[in-house]
$ cat input10.txt   # compact mmCIF, C-alpha atoms
# COMPACT_ATOMS: atom_id res chain seq x y z
CA MET A 1 0.00 -18.78 -24.88
CA ALA A 2 1.59 -17.11 -21.85
CA ILE A 3 0.42 -13.58 -21.10
CA ASP A 4 2.82 -10.98 -19.75
CA VAL A 5 1.60 -9.78 -16.35
CA ASP A 6 1.42 -6.03 -15.86
CA ILE A 7 0.41 -5.95 -12.17
CA SER A 8 1.10 -8.45 -9.40
CA PHE A 9 -1.18 -7.69 -6.47
CA CYS A 10 0.44 -8.79 -3.20
CA LEU A 11 -2.18 -9.13 -0.46
CA THR A 12 -0.74 -9.98 2.93
CA GLU A 13 -3.20 -8.74 5.54
CA PRO A 14 -5.72 -11.26 6.95
CA VAL A 15 -8.72 -11.71 4.69
CA THR A 16 -11.75 -13.99 4.57
CA VAL A 17 -12.82 -15.96 1.52
CA ALA A 18 -15.90 -13.75 1.08
CA ALA A 19 -13.90 -10.51 1.33
CA LEU A 20 -11.24 -11.78 -1.09
CA ARG A 21 -13.89 -12.80 -3.59
CA GLN A 22 -15.38 -9.29 -3.50
CA PHE A 23 -11.93 -7.78 -4.05
CA LEU A 24 -11.25 -10.10 -6.99
CA VAL A 25 -14.58 -9.20 -8.59
CA ALA A 26 -13.72 -5.49 -8.30
CA VAL A 27 -10.28 -6.02 -9.83
CA GLU A 28 -11.67 -8.13 -12.66
CA GLU A 29 -14.30 -5.49 -13.43
CA HIS A 30 -11.77 -2.67 -13.74
CA ALA A 31 -8.51 -4.35 -14.80
CA ASP A 32 -8.88 -4.34 -18.60
CA PRO A 33 -6.60 -3.84 -20.50
CA ALA A 34 -4.01 -4.43 -17.76
CA ALA A 35 -3.10 -8.10 -17.22
CA TYR A 36 -2.86 -9.00 -13.54
CA GLU A 37 -2.29 -11.72 -10.99
CA VAL A 38 -3.17 -11.82 -7.30
CA ILE A 39 -0.96 -13.41 -4.65
CA VAL A 40 -2.66 -13.69 -1.26
CA ALA A 41 -0.76 -14.60 1.90
CA GLY A 42 -3.35 -14.00 4.59
CA LEU A 43 -6.35 -16.07 3.55
CA ASP A 44 -8.36 -17.91 6.20
CA CYS A 45 -8.30 -21.21 4.24
CA THR A 46 -5.79 -23.38 2.39
CA PRO A 47 -5.49 -23.83 -1.39
CA GLN A 48 -6.68 -27.45 -1.01
CA SER A 49 -9.83 -26.59 0.95
CA PRO A 50 -13.17 -26.50 -0.89
CA GLU A 51 -13.24 -22.71 -0.53
CA GLY A 52 -9.70 -22.39 -1.85
CA ARG A 53 -10.34 -24.65 -4.83
CA SER A 54 -13.53 -22.72 -5.64
CA LEU A 55 -11.68 -19.41 -5.57
CA ARG A 56 -8.89 -20.66 -7.81
CA ALA A 57 -11.38 -22.16 -10.25
CA ASP A 58 -13.27 -18.86 -10.53
CA PHE A 59 -10.11 -16.71 -10.60
CA PRO A 60 -7.24 -18.51 -12.35
CA GLN A 61 -5.01 -15.43 -11.80
CA LEU A 62 -5.05 -16.19 -8.05
CA THR A 63 -2.19 -17.77 -6.11
CA ILE A 64 -2.84 -18.71 -2.49
CA TYR A 65 0.38 -18.70 -0.50
CA GLU A 66 0.11 -21.56 1.96
CA ASN A 67 1.75 -21.29 5.41
CA PRO A 68 3.05 -17.73 4.96
CA PRO A 69 5.55 -16.29 7.47
CA ALA A 70 4.09 -14.76 10.63
CA SER A 71 5.88 -11.42 10.23
CA PRO A 72 3.88 -8.95 8.06
CA GLY A 73 7.03 -7.63 6.42
CA ARG A 74 8.31 -11.09 5.64
CA ARG A 75 4.91 -12.09 4.23
CA LEU A 76 4.99 -9.11 1.89
CA ASN A 77 8.54 -9.79 0.74
CA HIS A 78 7.80 -13.47 0.15
CA ALA A 79 4.66 -12.64 -1.81
CA MET A 80 6.62 -10.22 -3.99
CA GLY A 81 9.20 -12.95 -4.52
CA LEU A 82 6.48 -15.06 -6.16
CA ALA A 83 5.30 -12.21 -8.39
CA ALA A 84 5.81 -12.26 -12.15
CA GLY A 85 4.46 -8.80 -12.98
CA ARG A 86 6.28 -5.81 -14.41
CA TYR A 87 4.85 -3.85 -11.49
CA LEU A 88 4.34 -5.13 -7.95
CA ALA A 89 1.34 -3.90 -6.02
CA PRO A 90 1.43 -4.10 -2.22
CA TRP A 91 -2.29 -3.70 -1.71
CA SER A 92 -5.04 -4.13 0.87
CA PRO A 93 -7.99 -6.38 0.01
CA ARG A 94 -10.12 -3.58 1.44
CA VAL A 95 -9.09 -1.17 -1.32
CA TYR A 96 -11.05 -1.70 -4.53
CA PRO A 97 -9.76 -0.20 -7.79
CA LEU A 98 -12.37 1.92 -9.60
CA ALA A 99 -12.77 2.60 -13.32
CA GLY A 100 -9.48 3.76 -14.85
CA CYS A 101 -7.41 3.14 -11.73
CA LEU A 102 -5.21 0.29 -12.90
CA PHE A 103 -4.95 1.41 -16.52
CA ASN A 104 -3.90 4.92 -15.48
CA LEU A 105 -1.36 3.66 -12.94
CA VAL A 106 0.28 1.32 -15.44
CA ASN A 107 0.17 3.89 -18.24
CA PHE A 108 1.72 6.55 -16.01
CA MET A 109 4.53 4.24 -14.89
CA ASP A 110 5.19 3.15 -18.47
CA GLU A 111 5.48 6.77 -19.61
CA ASN A 112 7.56 7.94 -16.62
CA PRO A 113 10.49 5.52 -16.15
CA GLU A 114 11.97 7.74 -13.42
CA SER A 115 8.96 7.03 -11.18
CA GLY A 116 9.67 4.11 -8.88
CA LEU A 117 6.37 4.09 -7.00
CA ALA A 118 2.88 5.42 -7.61
CA ALA A 119 -0.30 5.44 -5.55
CA PRO A 120 -3.96 5.98 -6.45
CA ARG A 121 -6.42 8.54 -5.11
CA LEU A 122 -8.32 6.85 -2.29
CA LEU A 123 -11.99 7.67 -1.69
CA ASP A 124 -14.30 6.58 1.11
CA GLY A 125 -17.89 5.48 0.65
CA ALA A 126 -19.06 9.10 0.39
CA ASN A 127 -16.37 9.94 -2.20
CA ARG A 128 -14.37 11.98 0.31
CA LEU A 129 -10.60 11.99 -0.09
CA VAL A 130 -8.69 9.55 2.09
CA PRO A 131 -4.99 10.48 2.29
CA SER A 132 -2.60 8.16 0.50
CA ARG A 133 0.07 10.83 -0.03
CA ARG A 134 1.75 12.04 3.14
CA ARG A 135 4.84 13.72 4.54
CA GLN A 136 7.60 11.64 6.04
CA PRO A 137 6.90 11.49 9.80
CA GLY A 138 8.95 13.67 12.11
CA LEU A 139 9.34 13.57 15.88
CA ALA A 140 6.36 15.83 16.61
CA THR A 141 4.08 13.84 14.30
CA ILE A 142 5.14 10.56 15.86
CA LEU A 143 4.56 11.85 19.39
CA LEU A 144 1.03 12.91 18.40
CA LEU A 145 0.30 9.66 16.60
CA HIS A 146 1.79 7.14 19.00
CA THR A 147 1.65 8.61 22.51
CA ARG A 148 -1.09 10.02 24.73
CA MET A 149 -0.38 13.48 23.35
CA GLY A 150 -2.48 12.70 20.28
CA GLY A 151 -5.66 12.18 22.28
CA SER A 152 -6.01 15.88 23.07
CA GLY A 153 -6.71 16.92 19.49
CA LEU A 154 -4.36 19.91 19.88
CA GLY A 155 -2.05 18.54 17.22
CA GLY A 156 -4.77 18.48 14.56
CA PRO A 157 -3.15 21.07 12.24
CA LEU A 158 0.21 19.27 12.31
CA LEU A 159 -1.37 15.88 11.67
CA LYS A 160 -3.45 17.34 8.87
CA ARG A 161 -0.25 18.56 7.18
CA HIS A 162 1.26 15.10 7.69
CA TYR A 163 -1.70 13.20 6.25
CA HIS A 164 -2.44 15.57 3.40
CA ALA A 165 1.15 16.74 2.72
CA GLY A 166 -0.05 20.34 2.62
CA GLU A 167 -2.92 21.05 0.25
CA PRO A 168 -4.38 17.76 -1.02
CA PRO A 169 -3.88 17.58 -4.80
CA VAL A 170 -7.34 16.16 -5.43
CA PHE A 171 -7.38 16.48 -9.20
CA LYS A 172 -3.75 16.41 -10.21
CA LEU A 173 -0.51 14.48 -10.23
CA ALA A 174 1.86 15.24 -7.37
CA ALA A 175 5.23 14.10 -6.13
CA ALA A 176 5.20 12.51 -2.70
CA ALA A 177 7.58 11.62 0.10
CA PHE A 178 5.39 8.89 1.60
CA LEU A 179 2.87 6.70 -0.25
CA SER A 180 0.64 4.29 1.63
CA ALA A 181 1.22 0.58 1.00
CA ARG A 182 -2.50 0.03 1.35
CA ALA A 183 -2.44 0.67 -2.40
CA MET A 184 0.70 1.31 -4.40
CA LEU A 185 2.45 0.26 -7.59
CA LEU A 186 6.16 -0.52 -7.35
CA ARG A 187 8.44 -0.74 -10.37
CA ARG A 188 10.34 -4.03 -10.54
CA GLU A 189 13.58 -2.22 -11.40
CA THR A 190 13.23 -0.19 -8.21
CA LEU A 191 12.84 -3.37 -6.19
CA GLU A 192 15.89 -4.86 -7.87
CA GLU A 193 17.96 -1.76 -7.09
CA ILE A 194 17.04 -0.98 -3.48
CA GLY A 195 15.81 -4.37 -2.29
CA THR A 196 12.74 -5.50 -0.39
CA PHE A 197 10.83 -3.91 2.48
CA ASP A 198 12.59 -3.70 5.83
CA GLU A 199 11.23 -6.65 7.83
CA GLY A 200 12.18 -4.94 11.08
CA PHE A 201 8.96 -2.91 10.88
CA LYS A 202 6.19 -4.88 12.59
CA HIS A 203 3.10 -2.76 11.89
CA PHE A 204 3.65 0.71 10.42
CA TYR A 205 6.12 2.77 8.38
CA HIS A 206 7.59 0.05 6.18
CA ASP A 207 6.02 1.99 3.29
CA ALA A 208 7.35 5.36 4.48
CA ASP A 209 10.79 3.82 4.85
CA TYR A 210 10.65 2.26 1.39
CA CYS A 211 9.69 5.58 -0.21
CA ARG A 212 12.54 7.26 1.65
CA ARG A 213 15.01 4.67 0.36
CA ALA A 214 13.68 4.95 -3.20
CA ILE A 215 13.99 8.74 -3.21
CA ARG A 216 17.53 8.54 -1.82
CA ALA A 217 18.39 6.19 -4.70
CA GLY A 218 17.09 8.73 -7.23
CA TRP A 219 13.62 7.33 -7.90
CA HIS A 220 10.47 9.47 -7.80
CA CYS A 221 7.28 8.69 -5.89
CA HIS A 222 4.00 9.96 -7.31
CA TYR A 223 0.38 10.33 -6.26
CA LEU A 224 -1.95 9.90 -9.22
CA ALA A 225 -5.33 11.60 -8.77
CA GLY A 226 -6.56 10.14 -12.05
CA ALA A 227 -6.39 6.62 -10.60
CA PRO A 228 -9.30 6.38 -8.12
CA ALA A 229 -9.81 3.51 -5.69
CA ARG A 230 -12.37 2.84 -2.97
CA GLU A 231 -11.02 2.60 0.60
CA LEU A 232 -13.35 0.42 2.69
CA ALA A 233 -11.49 1.16 5.94
CA PRO A 234 -11.11 4.97 5.99
CA GLU A 235 -10.94 4.93 9.80
CA PHE A 236 -7.42 3.56 9.34
CA PHE A 237 -6.34 7.13 8.56
CA TYR A 238 -8.02 8.82 11.56
CA PRO A 239 -9.82 11.53 9.57
CA ASP A 240 -10.52 13.59 12.69
CA PHE A 241 -6.73 13.74 13.27
CA ILE A 242 -7.05 12.47 16.84
CA ARG A 243 -5.12 9.31 17.58
CA ARG A 244 -7.04 7.51 20.32
CA THR A 245 -5.12 4.24 20.60
CA SER A 246 -1.71 3.13 19.45
CA PRO A 247 -0.35 -0.38 20.19
CA SER A 248 3.13 -0.45 21.65
CA GLY A 249 4.56 -1.99 18.50
CA HIS A 250 3.59 1.10 16.52
CA LEU A 251 5.80 3.31 18.67
CA ALA A 252 8.69 0.89 18.13
CA ASP A 253 8.20 1.15 14.37
CA ALA A 254 8.04 4.94 14.62
CA THR A 255 11.30 4.99 16.56
CA ARG A 256 12.90 2.75 13.95
CA ILE A 257 12.08 5.08 11.05
CA LEU A 258 13.23 8.14 12.99
CA LEU A 259 16.58 6.54 13.74
CA LYS A 260 17.01 5.50 10.10
CA LYS A 261 16.21 9.03 8.94
CA TRP A 262 18.48 10.71 11.44
CA LEU A 263 21.37 8.32 10.84
CA GLN A 264 20.76 8.28 7.04
CA ILE A 265 20.87 4.50 6.80
CA ASN A 266 18.88 2.02 4.77

$ encode --input "input10.txt" --output "structure tokens"
Amino acid sequence: MAIDVDISFCLTEPVTVAALRQFLVAVEEHADPAAYEVIVAGLDCTPQSPEGRSLRADFPQLTIYENPPASPGRRLNHAMGLAAGRYLAPWSPRVYPLAGCLFNLVNFMDENPESGLAAPRLLDGANRLVPSRRRQPGLATILLLHTRMGGSGLGGPLLKRHYHAGEPPVFKLAAAAFLSARAMLLRRETLEEIGTFDEGFKHFYHDADYCRRAIRAGWHCHYLAGAPARELAPEFFYPDFIRRTSPSGHLADATRILLKKWLQIN
């Protein structure tokens, strides 16, 4: 008998077989009662390899996308195109759902049909908050994040407001302007209304742009503190608020989102 899928995890960043197996174990441990599938488009082996066959035998909910597109945005959109779930989950294999995470996300979205996207509360290995709810980036924030200006540390207060969107709502639900695609739940109806992620973004801000588009279309974006997940790469968020390096492509993405905001285009 076919089972309706609640969550379709879409994993598109590069991942090893060992790391994917650990992620799948974490999801399996904490998924019940939510039904899920996992679509991976960045695995370091093919579905026909011994490692790929072993993974699929152990985790029948897994689909390995062979020969995915090179562009990160296109990989994500193609993975979502394969998804059967009521909710799509752009997700990093380095973010493990904890007890109650998936159930609370699905339950919240089911009870709040106006919410188009929701994100969990991310915690590092010491249970410190890692920001997944942020402000939409402005010019000053982008200059601090993606130019040499950020190396001075003088912009710490501004970046803290950007990353934490003011006071971090550690134990409560909160609306958000920018949810991180390292872990988010996306309503299928939202995808059908506003379309897929903008493939013009090469590294960053495709998630910020998507939240902006969703809000403009009337959908709400929510941070859900009652849905905890473990972030295994907290350095991704620069917790000291000093940006030491920024590849050139990141500045191009930052410029793209600024232009879209200023010109009010999708």

$ atom_distance --input "input10.txt" --atom1 "CA of Phe204 (chain A)" --atom2 "CA of Ala225 (chain A)"
23.8 Å

$ residues_around --input "input10.txt" --residues "region 122-127 of chain A" --least-positions-apart "5" --cutoff "9 Å" --atoms "only C-alpha atoms" --output "NGL selection string"
:A and (95 or 132 or 183 or 225 or 227-234)

$ atom_distance --input "input10.txt" --atom1 "CA of Cys211 (chain A)" --atom2 "CA of Ala41 (chain A)"
22.8 Å

$ residues_near_point --input "input10.txt" --point "(7.7, 10.7, 14.7)" --cutoff "12 Å" --atoms "only C-alpha atoms" --output "PDB file with C-alpha atoms, keeping the file's coordinate frame"
ATOM      1  CA  ARG A 135       4.840  13.720   4.540  1.00  0.00           C
ATOM      2  CA  GLN A 136       7.600  11.640   6.040  1.00  0.00           C
ATOM      3  CA  PRO A 137       6.900  11.490   9.800  1.00  0.00           C
ATOM      4  CA  GLY A 138       8.950  13.670  12.110  1.00  0.00           C
ATOM      5  CA  LEU A 139       9.340  13.570  15.880  1.00  0.00           C
ATOM      6  CA  ALA A 140       6.360  15.830  16.610  1.00  0.00           C
ATOM      7  CA  THR A 141       4.080  13.840  14.300  1.00  0.00           C
ATOM      8  CA  ILE A 142       5.140  10.560  15.860  1.00  0.00           C
ATOM      9  CA  LEU A 143       4.560  11.850  19.390  1.00  0.00           C
ATOM     10  CA  LEU A 144       1.030  12.910  18.400  1.00  0.00           C
ATOM     11  CA  LEU A 145       0.300   9.660  16.600  1.00  0.00           C
ATOM     12  CA  HIS A 146       1.790   7.140  19.000  1.00  0.00           C
ATOM     13  CA  THR A 147       1.650   8.610  22.510  1.00  0.00           C
ATOM     14  CA  GLY A 150      -2.480  12.700  20.280  1.00  0.00           C
ATOM     15  CA  LEU A 158       0.210  19.270  12.310  1.00  0.00           C
ATOM     16  CA  LEU A 159      -1.370  15.880  11.670  1.00  0.00           C
ATOM     17  CA  HIS A 162       1.260  15.100   7.690  1.00  0.00           C
ATOM     18  CA  PHE A 204       3.650   0.710  10.420  1.00  0.00           C
ATOM     19  CA  TYR A 205       6.120   2.770   8.380  1.00  0.00           C
ATOM     20  CA  ALA A 208       7.350   5.360   4.480  1.00  0.00           C
ATOM     21  CA  HIS A 250       3.590   1.100  16.520  1.00  0.00           C
ATOM     22  CA  LEU A 251       5.800   3.310  18.670  1.00  0.00           C
ATOM     23  CA  ALA A 252       8.690   0.890  18.130  1.00  0.00           C
ATOM     24  CA  ASP A 253       8.200   1.150  14.370  1.00  0.00           C
ATOM     25  CA  ALA A 254       8.040   4.940  14.620  1.00  0.00           C
ATOM     26  CA  THR A 255      11.300   4.990  16.560  1.00  0.00           C
ATOM     27  CA  ARG A 256      12.900   2.750  13.950  1.00  0.00           C
ATOM     28  CA  ILE A 257      12.080   5.080  11.050  1.00  0.00           C
ATOM     29  CA  LEU A 258      13.230   8.140  12.990  1.00  0.00           C
ATOM     30  CA  LEU A 259      16.580   6.540  13.740  1.00  0.00           C
ATOM     31  CA  LYS A 260      17.010   5.500  10.100  1.00  0.00           C
ATOM     32  CA  LYS A 261      16.210   9.030   8.940  1.00  0.00           C
ATOM     33  CA  TRP A 262      18.480  10.710  11.440  1.00  0.00           C
TER      34      TRP A 262
END

$ atom_distance --input "input10.txt" --atom1 "CA of Arg128 (chain A)" --atom2 "CA of Gly226 (chain A)"
14.7 Å

$ residues_around --input "input10.txt" --residues "Asn112 (chain A)" --least-positions-apart "3" --cutoff "12 Å" --atoms "only C-alpha atoms" --output "list in words"
Asn104, Leu105, Val106, Asn107, Phe108, Met109, Ser115, Gly116, Leu117, Ala118, Arg187, Trp219, His220, Cys221 and His222 of chain A

$ residues_around --input "input10.txt" --residues "Pro68 (chain A)" --least-positions-apart "4" --cutoff "9 Å" --atoms "only C-alpha atoms" --output "number ranges by chain"
A: 12, 41-42, 74-75, 78-79

$ residues_around --input "input10.txt" --residues "Leu62 (chain A)" --least-positions-apart "6" --cutoff "12 Å" --atoms "only C-alpha atoms" --output "list of chain:residue names"
A:Ser8, A:Phe9, A:Cys10, A:Leu11, A:Leu20, A:Arg21, A:Phe23, A:Leu24, A:Val25, A:Val27, A:Glu28, A:Tyr36, A:Glu37, A:Val38, A:Ile39, A:Val40, A:Ala41, A:Leu43, A:Pro47, A:Gly52, A:Arg53, A:Ser54, A:Leu55, A:Arg56, A:Leu82, A:Ala83

$ residues_near_point --input "input10.txt" --point "(17.5, 2.4, -6.2)" --cutoff "9 Å" --atoms "only C-alpha atoms" --output "list in words"
Gly116, Glu189, Thr190, Leu191, Glu192, Glu193, Ile194, Gly195, Arg213, Ala214, Ile215, Arg216, Ala217, Gly218 and Trp219 of chain A

$ closest_residue --input "input10.txt" --among "A:Ala181, A:Leu98, A:Leu186, A:Val5" --to "Ala26 (chain A)" --atoms "all atoms listed in the file"
A:Leu98

$ closest_residue --input "input10.txt" --among "A:Glu199, A:Asp44, A:Asp209, A:Asp32" --to "Cys101 (chain A)" --atoms "all atoms listed in the file"
A:Asp32

$ build_atoms --input "input10.txt" --residues "region 49-73 of chain A" --atoms "N, CA and C atoms" --output "mmCIF file, keeping the file's coordinate frame"
data_model
loop_
_atom_site.group_PDB
_atom_site.id
_atom_site.type_symbol
_atom_site.label_atom_id
_atom_site.label_comp_id
_atom_site.auth_asym_id
_atom_site.auth_seq_id
_atom_site.Cartn_x
_atom_site.Cartn_y
_atom_site.Cartn_z
ATOM 1 N N SER A 49 -8.489 -26.565 0.364
ATOM 2 C CA SER A 49 -9.830 -26.590 0.950
ATOM 3 C C SER A 49 -10.876 -26.368 -0.131
ATOM 4 N N PRO A 50 -12.130 -26.760 0.110
ATOM 5 C CA PRO A 50 -13.170 -26.500 -0.890
ATOM 6 C C PRO A 50 -13.289 -25.029 -1.253
ATOM 7 N N GLU A 51 -13.155 -24.145 -0.256
ATOM 8 C CA GLU A 51 -13.240 -22.710 -0.530
ATOM 9 C C GLU A 51 -12.071 -22.249 -1.394
ATOM 10 N N GLY A 52 -10.879 -22.755 -1.072
ATOM 11 C CA GLY A 52 -9.700 -22.390 -1.850
ATOM 12 C C GLY A 52 -9.778 -22.887 -3.274
ATOM 13 N N ARG A 53 -10.213 -24.110 -3.467
ATOM 14 C CA ARG A 53 -10.340 -24.650 -4.830
ATOM 15 C C ARG A 53 -11.386 -23.878 -5.620
ATOM 16 N N SER A 54 -12.485 -23.490 -4.964
ATOM 17 C CA SER A 54 -13.530 -22.720 -5.640
ATOM 18 C C SER A 54 -13.007 -21.361 -6.089
ATOM 19 N N LEU A 55 -12.247 -20.704 -5.217
ATOM 20 C CA LEU A 55 -11.680 -19.410 -5.570
ATOM 21 C C LEU A 55 -10.741 -19.523 -6.765
ATOM 22 N N ARG A 56 -9.871 -20.514 -6.734
ATOM 23 C CA ARG A 56 -8.890 -20.660 -7.810
ATOM 24 C C ARG A 56 -9.548 -21.069 -9.128
ATOM 25 N N ALA A 57 -10.662 -21.803 -9.032
ATOM 26 C CA ALA A 57 -11.380 -22.160 -10.250
ATOM 27 C C ALA A 57 -12.051 -20.934 -10.869
ATOM 28 N N ASP A 58 -12.588 -20.056 -10.027
ATOM 29 C CA ASP A 58 -13.270 -18.860 -10.530
ATOM 30 C C ASP A 58 -12.287 -17.772 -10.961
ATOM 31 N N PHE A 59 -11.095 -17.762 -10.326
ATOM 32 C CA PHE A 59 -10.110 -16.710 -10.600
ATOM 33 C C PHE A 59 -8.753 -17.373 -10.846
ATOM 34 N N PRO A 60 -8.501 -17.798 -12.068
ATOM 35 C CA PRO A 60 -7.240 -18.510 -12.350
ATOM 36 C C PRO A 60 -6.000 -17.641 -12.152
ATOM 37 N N GLN A 61 -6.166 -16.307 -12.042
ATOM 38 C CA GLN A 61 -5.010 -15.430 -11.800
ATOM 39 C C GLN A 61 -4.571 -15.459 -10.332
ATOM 40 N N LEU A 62 -5.292 -16.203 -9.491
ATOM 41 C CA LEU A 62 -5.050 -16.190 -8.050
ATOM 42 C C LEU A 62 -4.040 -17.253 -7.632
ATOM 43 N N THR A 63 -3.092 -16.842 -6.780
ATOM 44 C CA THR A 63 -2.190 -17.770 -6.110
ATOM 45 C C THR A 63 -2.373 -17.622 -4.617
ATOM 46 N N ILE A 64 -2.683 -18.724 -3.942
ATOM 47 C CA ILE A 64 -2.840 -18.710 -2.490
ATOM 48 C C ILE A 64 -1.549 -19.228 -1.874
ATOM 49 N N TYR A 65 -0.904 -18.360 -1.130
ATOM 50 C CA TYR A 65 0.380 -18.700 -0.500
ATOM 51 C C TYR A 65 0.093 -19.450 0.792
ATOM 52 N N GLU A 66 0.395 -20.728 0.797
ATOM 53 C CA GLU A 66 0.110 -21.560 1.960
ATOM 54 C C GLU A 66 1.213 -21.425 3.004
ATOM 55 N N ASN A 67 0.818 -21.394 4.285
ATOM 56 C CA ASN A 67 1.750 -21.290 5.410
ATOM 57 C C ASN A 67 2.705 -20.108 5.257
ATOM 58 N N PRO A 68 2.175 -18.895 5.104
ATOM 59 C CA PRO A 68 3.050 -17.730 4.960
ATOM 60 C C PRO A 68 3.756 -17.414 6.273
ATOM 61 N N PRO A 69 4.859 -16.679 6.239
ATOM 62 C CA PRO A 69 5.550 -16.290 7.470
ATOM 63 C C PRO A 69 4.639 -15.461 8.379
ATOM 64 N N ALA A 70 4.927 -15.491 9.665
ATOM 65 C CA ALA A 70 4.090 -14.760 10.630
ATOM 66 C C ALA A 70 4.326 -13.255 10.546
ATOM 67 N N SER A 71 5.554 -12.836 10.280
ATOM 68 C CA SER A 71 5.880 -11.420 10.230
ATOM 69 C C SER A 71 5.234 -10.760 9.019
ATOM 70 N N PRO A 72 4.507 -9.628 9.203
ATOM 71 C CA PRO A 72 3.880 -8.950 8.060
ATOM 72 C C PRO A 72 4.883 -8.554 6.983
ATOM 73 N N GLY A 73 6.027 -8.029 7.391
ATOM 74 C CA GLY A 73 7.030 -7.630 6.420
ATOM 75 C C GLY A 73 7.580 -8.802 5.638
#
